[in-house]
Amino acid sequence: MSLPVVTPGETDTYEDPLDLINEIDELKKEKDASIMAHFYVDGDIQDVADYTGDSLKLARDCTQVTTGTIVFAGVHFMGESAKIMNPAKRVLIPDMLAGCSLADSCPADQLQVFQEQLRAEGRKFDTVAYINTTAAVKSLCDWIVTSGNAAEIIDRVPKDREILFVPDQHLGRYLMEVSGRKMILWPGSCMVHEVFSIQGLVRAKRNNPGSVVIAHPECPQNILEITDFIGGTEKMRQHVMSVKEPTTFLVATESAMIHAFQKSAPQHNFIPVPGIIASTGETCACNRCPHMARNTLQKVRDCLKNESPEIEWRDYFQQARAVLDKSLLK
Ligand code: 13P
């Protein structure tokens, strides 16, 4: 099985990347725009971006941008958060269909019903949402976390309150372990981190003696149990930079991350842990997020040129803004 990276009907005409890069640089000036790129988009987009980073850094960087337009190369919830935190700016994203399996796993109406159920039982709780959620979900929550600030935010939740953590059950379970707080976990997961199998990782370790496993906390528990270093994208990047001795790292996260690792710590060898299809045991290229892969240099150029697609302001963004600002900026 391979995940659909380009949907039928989408044009895929080859254009010289160097021409595209020049065009993008010109359009950025003409349109007064800055480009933000998450570590999970293609390396060539990271290289033309004004800001690159993890979800936390990019959300904070967005508030410092001085241009009138932000182009967010990532997935929809990232562009949406950028708009929420910067209502006066125009926020464009290269592909409106770049979604997120985690955000999809927690529809706002279902969350609302579950929260009402808990309240009816007399439970006193705060809802803590991973930033990988829609704005409608954010507007129903008390706190927003990224992998970069989760432990710190959980510490801010009053001890006499329970925590409902949405939507990533694996990140939630990991946070229960590091924080010592018990949580009610929403049963969502990331389609990319879910495909790493214990057999694939053990096989990769056997084939690479002396290698070190680094993994994102969105991975399931059995993967994290044999991981040497667990951290979000920026924490992993800092870690590989701190290791001076040339090392082989087995990387259990979205494979585009390796571009940033190679740039930051070129002394090392980075091997993506393969995904495995559970039913057949075959390896697959599913450690590439099909949503992140929707971002291409062509689409970055086109969205600058056409000033579209744009994230439009919605009424419920106001409530989501209060939660995002309190969680990420204070
Ligand atoms: P971080 O950038 O916080 O590590 O999160 C990765 C991610 O889930 C992007 O969708």
# chains A, B, ... in the order shown; residues from 1 in each chain; ligands from 1
$ residues_near_ligand --ligand "ligand 1" --cutoff "6 Å" --atoms "only C-alpha atoms and all ligand atoms" --output "ChimeraX atom specification"
/A:54-55,146-148,232-233
$ write_last_selection --atoms "N, CA and C atoms" --output "PDB file, in the first residue's frame"
ATOM      1  N   ASP A  54       9.490  23.729  14.327  1.00  0.00           N
ATOM      2  CA  ASP A  54       8.434  22.844  14.814  1.00  0.00           C
ATOM      3  C   ASP A  54       7.156  23.660  14.972  1.00  0.00           C
ATOM      4  N   SER A  55       6.092  22.998  15.407  1.00  0.00           N
ATOM      5  CA  SER A  55       4.797  23.679  15.504  1.00  0.00           C
ATOM      6  C   SER A  55       4.847  24.859  16.471  1.00  0.00           C
ATOM      7  N   THR A 146       1.796  21.868  22.165  1.00  0.00           N
ATOM      8  CA  THR A 146       2.524  21.270  21.050  1.00  0.00           C
ATOM      9  C   THR A 146       3.458  20.261  21.715  1.00  0.00           C
ATOM     10  N   SER A 147       4.169  19.493  20.894  1.00  0.00           N
ATOM     11  CA  SER A 147       5.087  18.535  21.527  1.00  0.00           C
ATOM     12  C   SER A 147       6.175  19.305  22.288  1.00  0.00           C
ATOM     13  N   GLY A 148       6.413  20.567  21.879  1.00  0.00           N
ATOM     14  CA  GLY A 148       7.484  21.361  22.488  1.00  0.00           C
ATOM     15  C   GLY A 148       7.159  21.959  23.849  1.00  0.00           C
ATOM     16  N   GLY A 232       9.842  15.937  20.422  1.00  0.00           N
ATOM     17  CA  GLY A 232       9.208  16.548  19.261  1.00  0.00           C
ATOM     18  C   GLY A 232      10.300  16.885  18.239  1.00  0.00           C
ATOM     19  N   THR A 233       9.887  17.438  17.109  1.00  0.00           N
ATOM     20  CA  THR A 233      10.847  17.638  16.015  1.00  0.00           C
ATOM     21  C   THR A 233      12.024  18.534  16.423  1.00  0.00           C
TER      22      THR A 233
END
$ residues_around --residues "His239 (chain A)" --least-positions-apart "2" --cutoff "12 Å" --atoms "only C-alpha atoms" --output "list of chain:residue names"
A:Val212, A:Val213, A:Ile214, A:Ala215, A:Asp228, A:Phe229, A:Ile230, A:Gly231, A:Gly232, A:Thr233, A:Glu234, A:Lys235, A:Met236, A:Arg237, A:Met241, A:Ser242, A:Val243, A:Lys244, A:Thr247, A:Phe249, A:Phe261, A:Ser264, A:Ala265, A:His268
$ atom_distance --atom1 "CA of Gly281 (chain A)" --atom2 "CA of Glu194 (chain A)"
14.2 Å
$ residues_around --residues "Gln319 (chain A)" --least-positions-apart "5" --cutoff "9 Å" --atoms "only C-alpha atoms" --output "mmCIF file with N, CA and C atoms, in the first residue's frame"
data_model
loop_
_atom_site.group_PDB
_atom_site.id
_atom_site.type_symbol
_atom_site.label_atom_id
_atom_site.label_comp_id
_atom_site.auth_asym_id
_atom_site.auth_seq_id
_atom_site.Cartn_x
_atom_site.Cartn_y
_atom_site.Cartn_z
ATOM 1 N N ALA A 135 -9.785 24.575 14.518
ATOM 2 C CA ALA A 135 -10.067 25.753 15.347
ATOM 3 C C ALA A 135 -11.355 25.553 16.137
ATOM 4 N N LYS A 138 -10.361 23.701 19.105
ATOM 5 C CA LYS A 138 -9.579 24.580 20.005
ATOM 6 C C LYS A 138 -10.509 25.476 20.808
ATOM 7 N N SER A 139 -11.589 25.944 20.148
ATOM 8 C CA SER A 139 -12.492 26.879 20.828
ATOM 9 C C SER A 139 -13.251 26.194 21.975
ATOM 10 N N LEU A 140 -13.218 24.852 22.035
ATOM 11 C CA LEU A 140 -13.897 24.115 23.120
ATOM 12 C C LEU A 140 -12.926 23.721 24.240
ATOM 13 N N LEU A 324 -5.206 29.838 22.407
ATOM 14 C CA LEU A 324 -3.871 29.743 21.791
ATOM 15 C C LEU A 324 -2.900 30.754 22.406
#
$ select_by_dssp --residues "region 137-283 of chain A" --states "alpha helix (DSSP H)" --output "ChimeraX atom specification"
/A:137-138,150-156,169-179,198-207,221-224,233-242,257-264
$ closest_residue --among "A:Ala59, A:Leu27, A:Ala108, A:Ala49" --to "Val145 (chain A)" --atoms "only C-alpha atoms"
A:Ala59
$ residues_around --residues "Phe317 (chain A)" --least-positions-apart "6" --cutoff "12 Å" --atoms "only C-alpha atoms" --output "PyMOL selection string"
chain A and resi 77+80-87+134-140+311+323-325
$ residues_around --residues "region 89-95 of chain A" --least-positions-apart "3" --cutoff "8 Å" --atoms "only C-alpha atoms" --output "compact mmCIF listing (two decimals) with N, CA, C and O atoms, in the first residue's frame"
# COMPACT_ATOMS: atom_id res chain seq x y z
N GLY A 68 2.73 41.73 5.34
CA GLY A 68 1.26 41.69 5.43
C GLY A 68 0.69 40.31 5.17
O GLY A 68 -0.44 40.00 5.54
N THR A 69 1.48 39.46 4.49
CA THR A 69 1.00 38.12 4.11
C THR A 69 1.92 37.04 4.66
O THR A 69 3.15 37.21 4.66
N ILE A 70 1.29 35.96 5.12
CA ILE A 70 2.04 34.77 5.57
C ILE A 70 1.63 33.63 4.65
O ILE A 70 0.43 33.39 4.45
N VAL A 71 2.62 32.93 4.08
CA VAL A 71 2.32 31.68 3.36
C VAL A 71 2.76 30.56 4.27
O VAL A 71 3.94 30.49 4.64
N PHE A 72 1.83 29.69 4.69
CA PHE A 72 2.17 28.64 5.63
C PHE A 72 2.25 27.31 4.91
O PHE A 72 1.23 26.73 4.52
N ALA A 73 3.49 26.81 4.70
CA ALA A 73 3.68 25.49 4.08
C ALA A 73 3.70 24.46 5.21
O ALA A 73 4.68 24.36 5.95
N GLY A 74 2.59 23.77 5.33
CA GLY A 74 2.43 22.79 6.40
C GLY A 74 1.10 22.12 6.15
O GLY A 74 0.81 21.73 5.02
N VAL A 75 0.27 22.02 7.19
CA VAL A 75 -1.07 21.48 6.99
C VAL A 75 -2.11 22.50 7.48
O VAL A 75 -1.76 23.50 8.12
N HIS A 76 -3.38 22.21 7.19
CA HIS A 76 -4.42 23.22 7.36
C HIS A 76 -4.47 23.82 8.76
O HIS A 76 -4.54 25.05 8.92
N GLY A 79 -1.99 26.70 9.25
CA GLY A 79 -2.37 27.96 8.63
C GLY A 79 -3.50 28.61 9.42
O GLY A 79 -3.51 29.83 9.64
N ALA A 82 -2.17 30.20 12.49
CA ALA A 82 -1.46 31.44 12.14
C ALA A 82 -2.46 32.58 11.94
O ALA A 82 -2.24 33.71 12.39
N LYS A 83 -3.58 32.28 11.29
CA LYS A 83 -4.61 33.31 11.06
C LYS A 83 -5.23 33.73 12.39
O LYS A 83 -5.43 34.93 12.66
N ASN A 86 -3.06 35.97 14.22
CA ASN A 86 -2.71 37.20 13.49
C ASN A 86 -3.88 37.62 12.60
O ASN A 86 -3.77 37.59 11.37
N ALA A 98 -4.53 19.92 2.35
CA ALA A 98 -3.50 19.37 3.24
C ALA A 98 -4.06 19.34 4.66
O ALA A 98 -4.03 20.33 5.39
N ARG A 294 1.59 17.34 0.05
CA ARG A 294 0.81 18.15 -0.91
C ARG A 294 1.49 19.50 -1.17
O ARG A 294 1.20 20.18 -2.14
N ASN A 295 2.36 19.91 -0.24
CA ASN A 295 3.08 21.17 -0.44
C ASN A 295 4.21 20.94 -1.44
O ASN A 295 5.05 20.06 -1.24
N THR A 296 4.20 21.70 -2.50
CA THR A 296 5.29 21.61 -3.49
C THR A 296 5.75 23.04 -3.80
O THR A 296 5.03 24.01 -3.51
N LYS A 299 3.20 24.82 -5.89
CA LYS A 299 2.02 25.33 -5.18
C LYS A 299 2.37 26.55 -4.32
O LYS A 299 1.53 27.43 -4.12
N VAL A 300 3.58 26.58 -3.80
CA VAL A 300 4.00 27.77 -3.04
C VAL A 300 4.02 28.98 -4.00
O VAL A 300 3.49 30.05 -3.70
N ASP A 302 2.37 29.25 -6.85
CA ASP A 302 1.02 29.56 -7.32
C ASP A 302 0.22 30.31 -6.26
O ASP A 302 -0.55 31.22 -6.58
N CYS A 303 0.37 29.92 -5.01
CA CYS A 303 -0.47 30.59 -4.01
C CYS A 303 0.00 32.03 -3.79
O CYS A 303 -0.81 32.92 -3.54
N LEU A 304 1.31 32.26 -3.96
CA LEU A 304 1.79 33.65 -3.89
C LEU A 304 1.25 34.46 -5.07
O LEU A 304 0.77 35.59 -4.91
N GLU A 307 -2.60 34.69 -4.81
CA GLU A 307 -3.06 35.15 -3.49
C GLU A 307 -4.21 34.27 -2.99
O GLU A 307 -5.20 34.73 -2.43
N SER A 308 -4.08 32.99 -3.20
CA SER A 308 -5.11 32.01 -2.86
C SER A 308 -4.48 30.62 -2.90
O SER A 308 -3.54 30.42 -3.67
N PRO A 309 -4.97 29.63 -2.14
CA PRO A 309 -6.11 29.70 -1.22
C PRO A 309 -5.76 30.43 0.09
O PRO A 309 -4.64 30.39 0.55
N GLU A 310 -6.78 31.10 0.60
CA GLU A 310 -6.60 31.92 1.80
C GLU A 310 -7.42 31.36 2.96
O GLU A 310 -8.55 30.88 2.75
N ILE A 311 -6.89 31.44 4.17
CA ILE A 311 -7.66 31.05 5.36
C ILE A 311 -8.54 32.25 5.75
O ILE A 311 -8.02 33.34 6.03
$ closest_residue --among "A:Val195, A:Val48, A:Leu56, A:Leu111" --to "Ile277 (chain A)" --atoms "only C-alpha atoms"
A:Val195
$ closest_residue --among "A:Met96, A:Trp313, A:Leu297, A:Val251" --to "Thr13 (chain A)" --atoms "only C-alpha atoms"
A:Leu297
$ select_by_dssp --residues "region 122-309 of chain A" --states "strand (DSSP E or B)" --output "PyMOL selection string"
chain A and resi 125-130+143-145+162-166+168+183-185+188+196+212-215+229-230+248-252+269-272+275-276+283-284
$ write_last_selection --atoms "C-alpha atoms" --output "PDB file, in the first residue's frame"
ATOM      1  CA  PHE A 125     -11.728  18.696  34.210  1.00  0.00           C
ATOM      2  CA  ASP A 126      -9.699  20.862  31.863  1.00  0.00           C
ATOM      3  CA  THR A 127      -9.571  19.921  28.189  1.00  0.00           C
ATOM      4  CA  VAL A 128      -6.015  20.010  26.845  1.00  0.00           C
ATOM      5  CA  ALA A 129      -5.791  19.842  23.056  1.00  0.00           C
ATOM      6  CA  TYR A 130      -2.775  19.051  20.931  1.00  0.00           C
ATOM      7  CA  TRP A 143      -5.262  24.691  26.816  1.00  0.00           C
ATOM      8  CA  ILE A 144      -3.388  24.020  23.581  1.00  0.00           C
ATOM      9  CA  VAL A 145      -0.111  22.139  23.609  1.00  0.00           C
ATOM     10  CA  GLU A 162      -8.782  16.009  35.789  1.00  0.00           C
ATOM     11  CA  ILE A 163      -7.315  16.311  32.297  1.00  0.00           C
ATOM     12  CA  LEU A 164      -9.145  15.344  29.124  1.00  0.00           C
ATOM     13  CA  PHE A 165      -6.385  15.103  26.500  1.00  0.00           C
ATOM     14  CA  VAL A 166      -7.339  15.215  22.801  1.00  0.00           C
ATOM     15  CA  ASP A 168      -3.537  11.888  20.273  1.00  0.00           C
ATOM     16  CA  MET A 183      -5.630  11.702  31.881  1.00  0.00           C
ATOM     17  CA  ILE A 184      -8.758  10.778  30.015  1.00  0.00           C
ATOM     18  CA  LEU A 185      -7.446  10.042  26.503  1.00  0.00           C
ATOM     19  CA  GLY A 188      -6.971   9.486  18.012  1.00  0.00           C
ATOM     20  CA  PHE A 196       6.159   2.260  12.611  1.00  0.00           C
ATOM     21  CA  VAL A 212      20.624   5.236  18.132  1.00  0.00           C
ATOM     22  CA  VAL A 213      16.819   5.382  17.867  1.00  0.00           C
ATOM     23  CA  ILE A 214      15.128   8.787  18.006  1.00  0.00           C
ATOM     24  CA  ALA A 215      11.318   8.980  17.927  1.00  0.00           C
ATOM     25  CA  PHE A 229      15.707   9.617  22.679  1.00  0.00           C
ATOM     26  CA  ILE A 230      12.056  10.767  22.620  1.00  0.00           C
ATOM     27  CA  THR A 248      23.838   6.472  12.868  1.00  0.00           C
ATOM     28  CA  PHE A 249      20.367   7.590  13.961  1.00  0.00           C
ATOM     29  CA  LEU A 250      17.259   5.547  13.184  1.00  0.00           C
ATOM     30  CA  VAL A 251      14.519   8.133  12.778  1.00  0.00           C
ATOM     31  CA  ALA A 252      10.937   7.262  13.764  1.00  0.00           C
ATOM     32  CA  ASN A 269      23.968   9.268   9.199  1.00  0.00           C
ATOM     33  CA  PHE A 270      20.146   9.352   9.387  1.00  0.00           C
ATOM     34  CA  ILE A 271      18.079   6.335   8.403  1.00  0.00           C
ATOM     35  CA  PRO A 272      14.278   6.582   8.266  1.00  0.00           C
ATOM     36  CA  GLY A 275       6.591   1.877   7.944  1.00  0.00           C
ATOM     37  CA  ILE A 276       5.123  -1.621   7.862  1.00  0.00           C
ATOM     38  CA  THR A 283       7.499  -2.225   4.249  1.00  0.00           C
ATOM     39  CA  CYS A 284       5.908   0.902   2.786  1.00  0.00           C
TER      40      CYS A 284
END
$ closest_residue --among "A:Ile258, A:Leu118, A:Leu171, A:Leu328" --to "Leu102 (chain A)" --atoms "only C-alpha atoms"
A:Leu171
$ closest_residue --among "A:Ser105, A:Glu245, A:Ala320, A:Arg301" --to "Pro17 (chain A)" --atoms "only C-alpha atoms"
A:Arg301
$ closest_residue --among "A:Ala256, A:Leu58, A:Ile223, A:Ala285" --to "Ala37 (chain A)" --atoms "only C-alpha atoms"
A:Leu58
